[in-house]
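Undergrad: Structure supplied as query.cif; contents: mmCIF, C-alpha atoms (C1' of nucleotides).
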data_structure
#
loop_
_atom_site.group_PDB
_atom_site.id
_atom_site.type_symbol
_atom_site.label_atom_id
_atom_site.label_comp_id
_atom_site.auth_asym_id
_atom_site.auth_seq_id
_atom_site.Cartn_x
_atom_site.Cartn_y
_atom_site.Cartn_z
ATOM 1 C CA MET A 1 343.514 -39.270 53.368
ATOM 2 C CA HIS A 2 339.894 -38.406 52.772
ATOM 3 C CA TYR A 3 337.267 -39.904 50.506
ATOM 4 C CA TRP A 4 334.775 -38.015 48.371
ATOM 5 C CA LEU A 5 332.054 -38.457 45.808
ATOM 6 C CA PHE A 6 332.151 -36.210 42.719
ATOM 7 C CA LYS A 7 329.050 -35.941 40.558
ATOM 8 C CA SER A 8 329.095 -35.352 36.864
ATOM 9 C CA GLU A 9 326.517 -35.547 34.139
ATOM 10 C CA PRO A 10 327.909 -38.098 31.684
ATOM 11 C CA THR A 11 326.517 -36.179 28.709
ATOM 12 C CA CYS A 12 328.703 -33.305 29.870
ATOM 13 C CA PHE A 13 331.769 -35.145 31.193
ATOM 14 C CA SER A 14 331.820 -38.919 31.747
ATOM 15 C CA ILE A 15 334.373 -41.301 33.197
ATOM 16 C CA ASP A 16 335.212 -42.328 29.638
ATOM 17 C CA ASP A 17 335.934 -38.692 28.828
ATOM 18 C CA LEU A 18 338.306 -38.676 31.796
ATOM 19 C CA SER A 19 340.042 -41.805 30.521
ATOM 20 C CA ARG A 20 340.695 -40.077 27.191
ATOM 21 C CA GLN A 21 342.419 -37.026 28.715
ATOM 22 C CA PRO A 22 346.203 -36.710 28.482
ATOM 23 C CA LYS A 23 347.604 -38.739 31.425
ATOM 24 C CA GLN A 24 343.921 -39.335 32.293
ATOM 25 C CA ILE A 25 344.004 -36.066 34.248
ATOM 26 C CA MET A 26 341.306 -33.368 34.102
ATOM 27 C CA HIS A 27 340.582 -30.170 35.979
ATOM 28 C CA TRP A 28 337.257 -30.249 37.820
ATOM 29 C CA ASP A 29 335.891 -26.904 36.676
ATOM 30 C CA GLY A 30 332.466 -25.342 36.915
ATOM 31 C CA VAL A 31 331.827 -25.513 40.653
ATOM 32 C CA ARG A 32 329.686 -22.451 41.405
ATOM 33 C CA ASN A 33 328.513 -23.294 44.895
ATOM 34 C CA TYR A 34 330.215 -21.793 47.949
ATOM 35 C CA GLN A 35 329.904 -24.873 50.129
ATOM 36 C CA VAL A 36 331.598 -27.009 47.514
ATOM 37 C CA ARG A 37 334.210 -24.349 46.774
ATOM 38 C CA ASN A 38 335.106 -24.141 50.470
ATOM 39 C CA MET A 39 335.358 -27.909 50.660
ATOM 40 C CA MET A 40 337.838 -27.856 47.792
ATOM 41 C CA ARG A 41 339.769 -25.007 49.385
ATOM 42 C CA ASP A 42 339.922 -26.386 52.933
ATOM 43 C CA GLU A 43 339.535 -30.136 52.877
ATOM 44 C CA ILE A 44 340.261 -31.766 49.537
ATOM 45 C CA LYS A 45 343.941 -32.704 49.460
ATOM 46 C CA LYS A 46 346.349 -34.250 47.026
ATOM 47 C CA GLY A 47 346.144 -38.020 47.311
ATOM 48 C CA ASP A 48 342.493 -38.061 48.390
ATOM 49 C CA HIS A 49 340.394 -40.593 46.524
ATOM 50 C CA LEU A 50 336.929 -40.095 45.100
ATOM 51 C CA PHE A 51 334.067 -41.984 43.590
ATOM 52 C CA PHE A 52 333.129 -40.768 40.133
ATOM 53 C CA TYR A 53 329.336 -40.573 40.031
ATOM 54 C CA HIS A 54 327.140 -40.197 36.979
ATOM 55 C CA SER A 55 324.047 -38.067 37.654
ATOM 56 C CA SER A 56 320.986 -37.047 35.639
ATOM 57 C CA CYS A 57 321.140 -40.245 33.620
ATOM 58 C CA LEU A 58 319.655 -43.725 33.750
ATOM 59 C CA PRO A 59 320.652 -45.277 35.958
ATOM 60 C CA PRO A 60 322.543 -42.814 38.134
ATOM 61 C CA GLY A 61 325.424 -44.366 40.093
ATOM 62 C CA ILE A 62 329.112 -44.766 40.825
ATOM 63 C CA VAL A 63 331.195 -45.751 37.827
ATOM 64 C CA GLY A 64 334.782 -45.666 39.087
ATOM 65 C CA ILE A 65 337.516 -44.074 41.170
ATOM 66 C CA ALA A 66 339.816 -41.123 40.698
ATOM 67 C CA GLU A 67 342.501 -39.423 42.737
ATOM 68 C CA VAL A 68 343.163 -35.766 43.501
ATOM 69 C CA VAL A 69 346.492 -34.833 41.891
ATOM 70 C CA LYS A 70 346.375 -31.042 42.289
ATOM 71 C CA GLU A 71 344.854 -29.049 45.122
ATOM 72 C CA ALA A 72 342.557 -26.046 44.759
ATOM 73 C CA TYR A 73 343.562 -23.308 42.334
ATOM 74 C CA PRO A 74 341.577 -20.647 40.480
ATOM 75 C CA ASP A 75 338.951 -21.917 38.040
ATOM 76 C CA PHE A 76 339.963 -20.115 34.855
ATOM 77 C CA THR A 77 336.658 -20.921 33.153
ATOM 78 C CA SER A 78 335.029 -18.407 35.536
ATOM 79 C CA TRP A 79 336.528 -15.430 33.660
ATOM 80 C CA ASP A 80 336.225 -16.978 30.201
ATOM 81 C CA ILE A 81 333.324 -15.184 28.587
ATOM 82 C CA GLN A 82 332.916 -18.099 26.168
ATOM 83 C CA SER A 83 332.433 -20.573 29.000
ATOM 84 C CA ASP A 84 329.050 -21.827 30.186
ATOM 85 C CA HIS A 85 330.359 -21.219 33.689
ATOM 86 C CA PHE A 86 331.381 -17.596 33.115
ATOM 87 C CA ASP A 87 330.972 -15.382 36.193
ATOM 88 C CA PRO A 88 331.466 -11.633 35.649
ATOM 89 C CA LYS A 89 332.356 -11.216 39.326
ATOM 90 C CA SER A 90 335.395 -13.467 39.016
ATOM 91 C CA THR A 91 338.657 -12.184 37.496
ATOM 92 C CA PRO A 92 342.251 -13.458 37.241
ATOM 93 C CA GLU A 93 343.212 -10.756 39.788
ATOM 94 C CA ASN A 94 340.423 -11.698 42.136
ATOM 95 C CA PRO A 95 339.257 -15.236 41.415
ATOM 96 C CA ARG A 96 336.052 -16.286 43.081
ATOM 97 C CA TRP A 97 335.931 -19.963 42.110
ATOM 98 C CA LEU A 98 338.334 -22.858 42.519
ATOM 99 C CA MET A 99 338.992 -26.227 40.974
ATOM 100 C CA VAL A 100 341.137 -29.299 41.608
ATOM 101 C CA ASP A 101 342.733 -31.757 39.180
ATOM 102 C CA ILE A 102 341.762 -35.405 39.268
ATOM 103 C CA LYS A 103 343.319 -38.480 37.674
ATOM 104 C CA LEU A 104 341.512 -41.683 36.779
ATOM 105 C CA VAL A 105 342.415 -44.606 39.007
ATOM 106 C CA LYS A 106 340.023 -47.180 37.619
ATOM 107 C CA LYS A 107 336.700 -47.578 35.956
ATOM 108 C CA PHE A 108 334.510 -50.175 37.665
ATOM 109 C CA SER A 109 333.557 -53.232 35.655
ATOM 110 C CA ARG A 110 329.960 -52.431 36.539
ATOM 111 C CA LEU A 111 327.982 -49.417 37.692
ATOM 112 C CA ILE A 112 326.985 -49.343 41.379
ATOM 113 C CA SER A 113 323.551 -47.807 41.027
ATOM 114 C CA LEU A 114 321.970 -45.273 43.354
ATOM 115 C CA GLU A 115 319.161 -47.803 43.754
ATOM 116 C CA GLU A 116 321.629 -50.385 45.085
ATOM 117 C CA ILE A 117 323.269 -47.859 47.394
ATOM 118 C CA LYS A 118 319.896 -46.844 48.841
ATOM 119 C CA HIS A 119 319.002 -50.436 49.619
ATOM 120 C CA HIS A 120 322.298 -51.428 51.225
ATOM 121 C CA SER A 121 322.029 -51.420 55.013
ATOM 122 C CA LYS A 122 325.510 -49.947 55.434
ATOM 123 C CA LEU A 123 325.074 -47.234 52.812
ATOM 124 C CA LYS A 124 321.623 -45.918 53.673
ATOM 125 C CA ASN A 125 323.047 -42.779 55.249
ATOM 126 C CA MET A 126 325.354 -41.836 52.422
ATOM 127 C CA GLN A 127 324.827 -38.216 51.544
ATOM 128 C CA VAL A 128 324.144 -39.019 47.907
ATOM 129 C CA THR A 129 321.024 -40.999 48.895
ATOM 130 C CA ARG A 130 319.459 -38.031 50.658
ATOM 131 C CA LYS A 131 316.616 -36.223 49.022
ATOM 132 C CA GLY A 132 317.418 -32.726 47.941
ATOM 133 C CA ASN A 133 321.156 -33.225 48.143
ATOM 134 C CA ARG A 134 322.400 -31.064 45.322
ATOM 135 C CA LEU A 135 326.043 -30.646 46.241
ATOM 136 C CA SER A 136 328.279 -31.839 43.436
ATOM 137 C CA ILE A 137 330.926 -33.008 45.913
ATOM 138 C CA THR A 138 330.143 -34.827 49.162
ATOM 139 C CA PRO A 139 332.334 -36.586 51.736
ATOM 140 C CA VAL A 140 332.378 -40.394 51.919
ATOM 141 C CA THR A 141 333.321 -42.251 55.117
ATOM 142 C CA PRO A 142 336.057 -44.935 55.080
ATOM 143 C CA ALA A 143 333.394 -47.534 55.958
ATOM 144 C CA GLU A 144 331.243 -46.503 52.989
ATOM 145 C CA TRP A 145 334.298 -46.527 50.740
ATOM 146 C CA LYS A 146 335.141 -50.063 51.775
ATOM 147 C CA VAL A 147 331.626 -51.400 51.191
ATOM 148 C CA ILE A 148 331.421 -49.919 47.711
ATOM 149 C CA MET A 149 334.888 -51.191 46.824
ATOM 150 C CA GLU A 150 333.747 -54.684 47.787
ATOM 151 C CA MET A 151 330.574 -54.334 45.736
ATOM 152 C CA SER A 152 332.559 -53.262 42.702
ATOM 153 C CA ALA A 153 334.963 -56.194 42.830
ATOM 154 C "C1'" DG B 1 308.517 -32.932 31.846
ATOM 155 C "C1'" DC B 2 307.410 -32.757 36.754
ATOM 156 C "C1'" DC B 3 308.439 -31.518 41.187
ATOM 157 C "C1'" DA B 4 310.858 -31.239 45.704
ATOM 158 C "C1'" DA B 5 314.744 -29.210 47.816
ATOM 159 C "C1'" DC B 6 317.399 -25.560 48.561
ATOM 160 C "C1'" DG B 7 320.794 -21.809 47.298
ATOM 161 C "C1'" DT B 8 320.840 -17.016 45.622
ATOM 162 C "C1'" DT B 9 319.089 -12.504 44.759
ATOM 163 C "C1'" DG B 10 317.171 -8.234 45.674
ATOM 164 C "C1'" DG B 11 313.539 -5.132 47.515
ATOM 165 C "C1'" DC B 12 312.264 -3.308 51.633
ATOM 166 C "C1'" DG C 1 318.388 -8.838 58.234
ATOM 167 C "C1'" DC C 2 314.017 -10.749 56.489
ATOM 168 C "C1'" DC C 3 311.706 -13.174 53.098
ATOM 169 C "C1'" DA C 4 309.448 -13.855 48.622
ATOM 170 C "C1'" DA C 5 310.652 -14.830 44.058
ATOM 171 C "C1'" DC C 6 313.402 -17.142 41.184
ATOM 172 C "C1'" DG C 7 316.840 -20.431 39.337
ATOM 173 C "C1'" DT C 8 319.162 -24.862 39.472
ATOM 174 C "C1'" DT C 9 319.759 -29.672 40.484
ATOM 175 C "C1'" DG C 10 318.641 -34.230 39.850
ATOM 176 C "C1'" DG C 11 315.689 -38.316 40.616
ATOM 177 C "C1'" DC C 12 311.838 -40.178 38.753
#
Any chance you could give the structure as C-alpha cells?
TA:
Amino acid sequence: MHYWLFKSEPTCFSIDDLSRQPKQIMHWDGVRNYQVRNMMRDEIKKGDHLFFYHSSCLPPGIVGIAEVVKEAYPDFTSWDIQSDHFDPKSTPENPRWLMVDIKLVKKFSRLISLEEIKHHSKLKNMQVTRKGNRLSITPVTPAEWKVIMEMSA
DNA sequence: GCCAACGTTGGC
DNA sequence: GCCAACGTTGGC
C-alpha cells in the first residue's frame, strides 16, 4: 500500500464536500498534468491512503484522510464542453486524462498546517514543503504518514 | 495582488 | 530539438 497527498482548493472542493457525497465517495477529476496522470495510471492503487490537503487558502494544510476505492479510468469531464476542465483533444474514444475515486476515511479534529509541517524535523523533506511544487498529487513516505497521524491524534 | 517555479506551446 | 513566451499554481 502506498501513501499520497492530494491537493484541493477548498472553495472548489473541500473535505466537507467529500463528506456530503453519496457514500462519501467522489471522483478526483480535473487532473491536466501528465506527471500526475501517469502517477494515477501506474502507481495509485485501490486501498492506497491519502492525505486530503487544502491549498490556496489560509492556512493551507492537511485536513483528513481518504482512501482510493477505484483505480484510474477516463476523466469524463475532459470531453464535457460545459466543464471547466474541457480538453478538445480528449474524446470518449481516445481519452487523454484519467481520474480515480476516493472515499473519506476521516476528517482530522484539527488542521495540520503547512507551517507546522515545514517546522517539523521529520517532515522537512516532504514534497509539499518544497518551493515551486505544483503537482496536485505527491507521494508520502510511511514515516511521514506516521508522524502526521500522530500529530493529528 | 505579487511573484517564483515550472509545465506547455509554437515558431524556427 | 531549442528556447522564448505564455499560462498556471499556490504561498505569502
Undergrad: Written as a list in words, what is the full residue list that the PyMOL selection byres ((chain A) within 12 of (chain C)) yields on the file shown?
TA: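 For this structure, the PyMOL selection byres ((chain A) within 12 of (chain C)) captures Lys7, Ser8, Glu9, Arg32, Asn33, His54, Ser55, Ser56, Cys57, Leu58, Pro59, Pro60, Gly61, Leu114, Glu115, Val128, Thr129, Arg130, Lys131, Gly132, Asn133, Arg134, Leu135 and Ser136 of chain A.
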Undergrad: Convert the output of the PyMOL selection byres ((chain A and resi 24) around 10) on the shown file into explicit residues, formatted as an mmCIF file with C-alpha atoms, keeping the file's coordinate frame.
TA:
data_model
loop_
_atom_site.group_PDB
_atom_site.id
_atom_site.type_symbol
_atom_site.label_atom_id
_atom_site.label_comp_id
_atom_site.auth_asym_id
_atom_site.auth_seq_id
_atom_site.Cartn_x
_atom_site.Cartn_y
_atom_site.Cartn_z
ATOM 1 C CA ILE A 15 334.373 -41.301 33.197
ATOM 2 C CA ASP A 16 335.212 -42.328 29.638
ATOM 3 C CA ASP A 17 335.934 -38.692 28.828
ATOM 4 C CA LEU A 18 338.306 -38.676 31.796
ATOM 5 C CA SER A 19 340.042 -41.805 30.521
ATOM 6 C CA ARG A 20 340.695 -40.077 27.191
ATOM 7 C CA GLN A 21 342.419 -37.026 28.715
ATOM 8 C CA PRO A 22 346.203 -36.710 28.482
ATOM 9 C CA LYS A 23 347.604 -38.739 31.425
ATOM 10 C CA ILE A 25 344.004 -36.066 34.248
ATOM 11 C CA MET A 26 341.306 -33.368 34.102
ATOM 12 C CA ALA A 66 339.816 -41.123 40.698
ATOM 13 C CA ILE A 102 341.762 -35.405 39.268
ATOM 14 C CA LYS A 103 343.319 -38.480 37.674
ATOM 15 C CA LEU A 104 341.512 -41.683 36.779
ATOM 16 C CA VAL A 105 342.415 -44.606 39.007
#
Undergrad: Using all atoms of range 4-12 of chain C listed in the file and a margin of 3 Å per side, can you give the axis-aligned box centre and edge lengths in Å to one decimal, as AutoDock Vina command-line options?
TA:
--center_x 314.6 --center_y -27.0 --center_z 43.7 --size_x 16.3 --size_y 32.3 --size_z 15.9
Undergrad: Would you mind reading off the distance between CA of Gln127 in chain A and CA of Trp4 in chain A, one decimal, in Å?
TA: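 It comes out at 10.4 Å.
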Undergrad: What is the CA of Gln82 in chain A to CA of Arg37 in chain A distance in Å?
TA: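 Here the two named atoms are 21.6 Å from each other.
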Undergrad: Assuming the chain letters and numbering stay as they are in my file, what does the PyMOL selection byres ((chain A and resi 44-49) around 6) actually select? List them as a list in words.
TA: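 Output from the PyMOL selection byres ((chain A and resi 44-49) around 6), applied to this file: Met1, His2, Tyr3, Met40, Glu43, Leu50, Ala66, Glu67, Val68, Val69, Lys70 and Glu71 of chain A.
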Undergrad: For CA of Met99 in chain A and CA of Trp28 in chain A, determine how far apart the two atoms are, in Å to one decimal place.
TA: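 Separation of CA of Met99 in chain A and CA of Trp28 in chain A: 5.4 Å.
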Undergrad: Show me, as an mmCIF file with C-alpha atoms, in the frame of the given file, the residues that have an atom within 9 Å of Trp145 in chain A when counting all atoms listed in the file, minus same-chain residues fewer than 3 positions from it.
TA:
data_model
loop_
_atom_site.group_PDB
_atom_site.id
_atom_site.type_symbol
_atom_site.label_atom_id
_atom_site.label_comp_id
_atom_site.auth_asym_id
_atom_site.auth_seq_id
_atom_site.Cartn_x
_atom_site.Cartn_y
_atom_site.Cartn_z
ATOM 1 C CA TYR A 3 337.267 -39.904 50.506
ATOM 2 C CA TRP A 4 334.775 -38.015 48.371
ATOM 3 C CA LEU A 50 336.929 -40.095 45.100
ATOM 4 C CA PHE A 51 334.067 -41.984 43.590
ATOM 5 C CA VAL A 140 332.378 -40.394 51.919
ATOM 6 C CA THR A 141 333.321 -42.251 55.117
ATOM 7 C CA PRO A 142 336.057 -44.935 55.080
ATOM 8 C CA ILE A 148 331.421 -49.919 47.711
ATOM 9 C CA MET A 149 334.888 -51.191 46.824
ATOM 10 C CA GLU A 150 333.747 -54.684 47.787
#
Undergrad: Please output range 30-41 of chain A, rebuilt to include all heavy atoms, as a PDB file, in the frame of the given file.
TA:
ATOM      1  N   GLY A  30     333.898 -25.594  36.965  1.00  0.00           N
ATOM      2  CA  GLY A  30     332.466 -25.342  36.915  1.00  0.00           C
ATOM      3  C   GLY A  30     331.752 -25.355  38.253  1.00  0.00           C
ATOM      4  O   GLY A  30     330.542 -25.164  38.287  1.00  0.00           O
ATOM      5  N   VAL A  31     332.482 -25.575  39.345  1.00  0.00           N
ATOM      6  CA  VAL A  31     331.827 -25.513  40.653  1.00  0.00           C
ATOM      7  C   VAL A  31     331.451 -24.066  40.955  1.00  0.00           C
ATOM      8  O   VAL A  31     332.317 -23.197  40.978  1.00  0.00           O
ATOM      9  CB  VAL A  31     332.745 -26.070  41.767  1.00  0.00           C
ATOM     10  CG1 VAL A  31     332.184 -25.749  43.146  1.00  0.00           C
ATOM     11  CG2 VAL A  31     332.942 -27.562  41.600  1.00  0.00           C
ATOM     12  N   ARG A  32     330.169 -23.817  41.143  1.00  0.00           N
ATOM     13  CA  ARG A  32     329.686 -22.451  41.405  1.00  0.00           C
ATOM     14  C   ARG A  32     328.806 -22.458  42.644  1.00  0.00           C
ATOM     15  O   ARG A  32     327.740 -21.858  42.682  1.00  0.00           O
ATOM     16  CB  ARG A  32     328.905 -21.911  40.195  1.00  0.00           C
ATOM     17  CG  ARG A  32     329.739 -21.787  38.918  1.00  0.00           C
ATOM     18  CD  ARG A  32     330.811 -20.716  39.027  1.00  0.00           C
ATOM     19  NE  ARG A  32     331.618 -20.638  37.808  1.00  0.00           N
ATOM     20  CZ  ARG A  32     332.748 -21.301  37.632  1.00  0.00           C
ATOM     21  NH1 ARG A  32     333.223 -22.094  38.595  1.00  0.00           N
ATOM     22  NH2 ARG A  32     333.429 -21.164  36.511  1.00  0.00           N
ATOM     23  N   ASN A  33     329.243 -23.180  43.637  1.00  0.00           N
ATOM     24  CA  ASN A  33     328.513 -23.294  44.895  1.00  0.00           C
ATOM     25  C   ASN A  33     329.538 -23.084  46.007  1.00  0.00           C
ATOM     26  O   ASN A  33     330.599 -23.721  46.003  1.00  0.00           O
ATOM     27  CB  ASN A  33     327.863 -24.689  44.952  1.00  0.00           C
ATOM     28  CG  ASN A  33     327.257 -25.002  46.308  1.00  0.00           C
ATOM     29  OD1 ASN A  33     327.994 -25.259  47.267  1.00  0.00           O
ATOM     30  ND2 ASN A  33     325.954 -25.007  46.398  1.00  0.00           N
ATOM     31  N   TYR A  34     329.226 -22.180  46.941  1.00  0.00           N
ATOM     32  CA  TYR A  34     330.215 -21.793  47.949  1.00  0.00           C
ATOM     33  C   TYR A  34     330.589 -22.935  48.885  1.00  0.00           C
ATOM     34  O   TYR A  34     331.752 -23.086  49.266  1.00  0.00           O
ATOM     35  CB  TYR A  34     329.711 -20.592  48.750  1.00  0.00           C
ATOM     36  CG  TYR A  34     329.684 -19.328  47.927  1.00  0.00           C
ATOM     37  CD1 TYR A  34     328.497 -18.777  47.484  1.00  0.00           C
ATOM     38  CD2 TYR A  34     330.872 -18.691  47.569  1.00  0.00           C
ATOM     39  CE1 TYR A  34     328.473 -17.628  46.706  1.00  0.00           C
ATOM     40  CE2 TYR A  34     330.868 -17.544  46.794  1.00  0.00           C
ATOM     41  CZ  TYR A  34     329.669 -17.012  46.367  1.00  0.00           C
ATOM     42  OH  TYR A  34     329.655 -15.881  45.596  1.00  0.00           O
ATOM     43  N   GLN A  35     329.605 -23.752  49.240  1.00  0.00           N
ATOM     44  CA  GLN A  35     329.904 -24.873  50.129  1.00  0.00           C
ATOM     45  C   GLN A  35     330.921 -25.814  49.487  1.00  0.00           C
ATOM     46  O   GLN A  35     331.856 -26.272  50.135  1.00  0.00           O
ATOM     47  CB  GLN A  35     328.622 -25.662  50.393  1.00  0.00           C
ATOM     48  CG  GLN A  35     328.051 -25.467  51.774  1.00  0.00           C
ATOM     49  CD  GLN A  35     326.757 -26.257  51.913  1.00  0.00           C
ATOM     50  OE1 GLN A  35     325.718 -25.878  51.381  1.00  0.00           O
ATOM     51  NE2 GLN A  35     326.831 -27.382  52.592  1.00  0.00           N
ATOM     52  N   VAL A  36     330.703 -26.082  48.213  1.00  0.00           N
ATOM     53  CA  VAL A  36     331.598 -27.009  47.514  1.00  0.00           C
ATOM     54  C   VAL A  36     332.962 -26.352  47.285  1.00  0.00           C
ATOM     55  O   VAL A  36     334.009 -26.983  47.433  1.00  0.00           O
ATOM     56  CB  VAL A  36     330.968 -27.481  46.185  1.00  0.00           C
ATOM     57  CG1 VAL A  36     331.933 -28.370  45.417  1.00  0.00           C
ATOM     58  CG2 VAL A  36     329.667 -28.221  46.453  1.00  0.00           C
ATOM     59  N   ARG A  37     332.945 -25.056  46.952  1.00  0.00           N
ATOM     60  CA  ARG A  37     334.210 -24.349  46.774  1.00  0.00           C
ATOM     61  C   ARG A  37     335.030 -24.395  48.063  1.00  0.00           C
ATOM     62  O   ARG A  37     336.242 -24.673  48.042  1.00  0.00           O
ATOM     63  CB  ARG A  37     333.970 -22.886  46.415  1.00  0.00           C
ATOM     64  CG  ARG A  37     335.268 -22.140  46.180  1.00  0.00           C
ATOM     65  CD  ARG A  37     335.123 -20.642  46.309  1.00  0.00           C
ATOM     66  NE  ARG A  37     334.781 -20.248  47.685  1.00  0.00           N
ATOM     67  CZ  ARG A  37     334.575 -18.994  48.067  1.00  0.00           C
ATOM     68  NH1 ARG A  37     334.642 -18.015  47.169  1.00  0.00           N
ATOM     69  NH2 ARG A  37     334.274 -18.715  49.311  1.00  0.00           N
ATOM     70  N   ASN A  38     334.379 -24.151  49.203  1.00  0.00           N
ATOM     71  CA  ASN A  38     335.106 -24.141  50.470  1.00  0.00           C
ATOM     72  C   ASN A  38     335.638 -25.523  50.815  1.00  0.00           C
ATOM     73  O   ASN A  38     336.726 -25.651  51.386  1.00  0.00           O
ATOM     74  CB  ASN A  38     334.203 -23.622  51.588  1.00  0.00           C
ATOM     75  CG  ASN A  38     333.821 -22.167  51.368  1.00  0.00           C
ATOM     76  OD1 ASN A  38     334.405 -21.475  50.527  1.00  0.00           O
ATOM     77  ND2 ASN A  38     332.833 -21.703  52.109  1.00  0.00           N
ATOM     78  N   MET A  39     334.890 -26.544  50.439  1.00  0.00           N
ATOM     79  CA  MET A  39     335.358 -27.909  50.660  1.00  0.00           C
ATOM     80  C   MET A  39     336.622 -28.166  49.851  1.00  0.00           C
ATOM     81  O   MET A  39     337.584 -28.752  50.337  1.00  0.00           O
ATOM     82  CB  MET A  39     334.247 -28.890  50.242  1.00  0.00           C
ATOM     83  CG  MET A  39     334.156 -30.068  51.133  1.00  0.00           C
ATOM     84  SD  MET A  39     332.631 -31.053  51.042  1.00  0.00           S
ATOM     85  CE  MET A  39     331.561 -30.346  49.861  1.00  0.00           C
ATOM     86  N   MET A  40     336.637 -27.683  48.618  1.00  0.00           N
ATOM     87  CA  MET A  40     337.838 -27.856  47.792  1.00  0.00           C
ATOM     88  C   MET A  40     339.003 -27.082  48.390  1.00  0.00           C
ATOM     89  O   MET A  40     340.134 -27.560  48.429  1.00  0.00           O
ATOM     90  CB  MET A  40     337.578 -27.381  46.354  1.00  0.00           C
ATOM     91  CG  MET A  40     336.662 -28.309  45.592  1.00  0.00           C
ATOM     92  SD  MET A  40     336.760 -28.109  43.796  1.00  0.00           S
ATOM     93  CE  MET A  40     336.016 -26.524  43.576  1.00  0.00           C
ATOM     94  N   ARG A  41     338.721 -25.872  48.860  1.00  0.00           N
ATOM     95  CA  ARG A  41     339.769 -25.007  49.385  1.00  0.00           C
ATOM     96  C   ARG A  41     340.361 -25.558  50.684  1.00  0.00           C
ATOM     97  O   ARG A  41     341.576 -25.531  50.888  1.00  0.00           O
ATOM     98  CB  ARG A  41     339.180 -23.610  49.648  1.00  0.00           C
ATOM     99  CG  ARG A  41     340.180 -22.572  50.110  1.00  0.00           C
ATOM    100  CD  ARG A  41     339.465 -21.296  50.519  1.00  0.00           C
ATOM    101  NE  ARG A  41     338.558 -21.551  51.647  1.00  0.00           N
ATOM    102  CZ  ARG A  41     337.539 -20.779  51.999  1.00  0.00           C
ATOM    103  NH1 ARG A  41     337.276 -19.689  51.304  1.00  0.00           N
ATOM    104  NH2 ARG A  41     336.771 -21.089  53.019  1.00  0.00           N
TER     105      ARG A  41
END
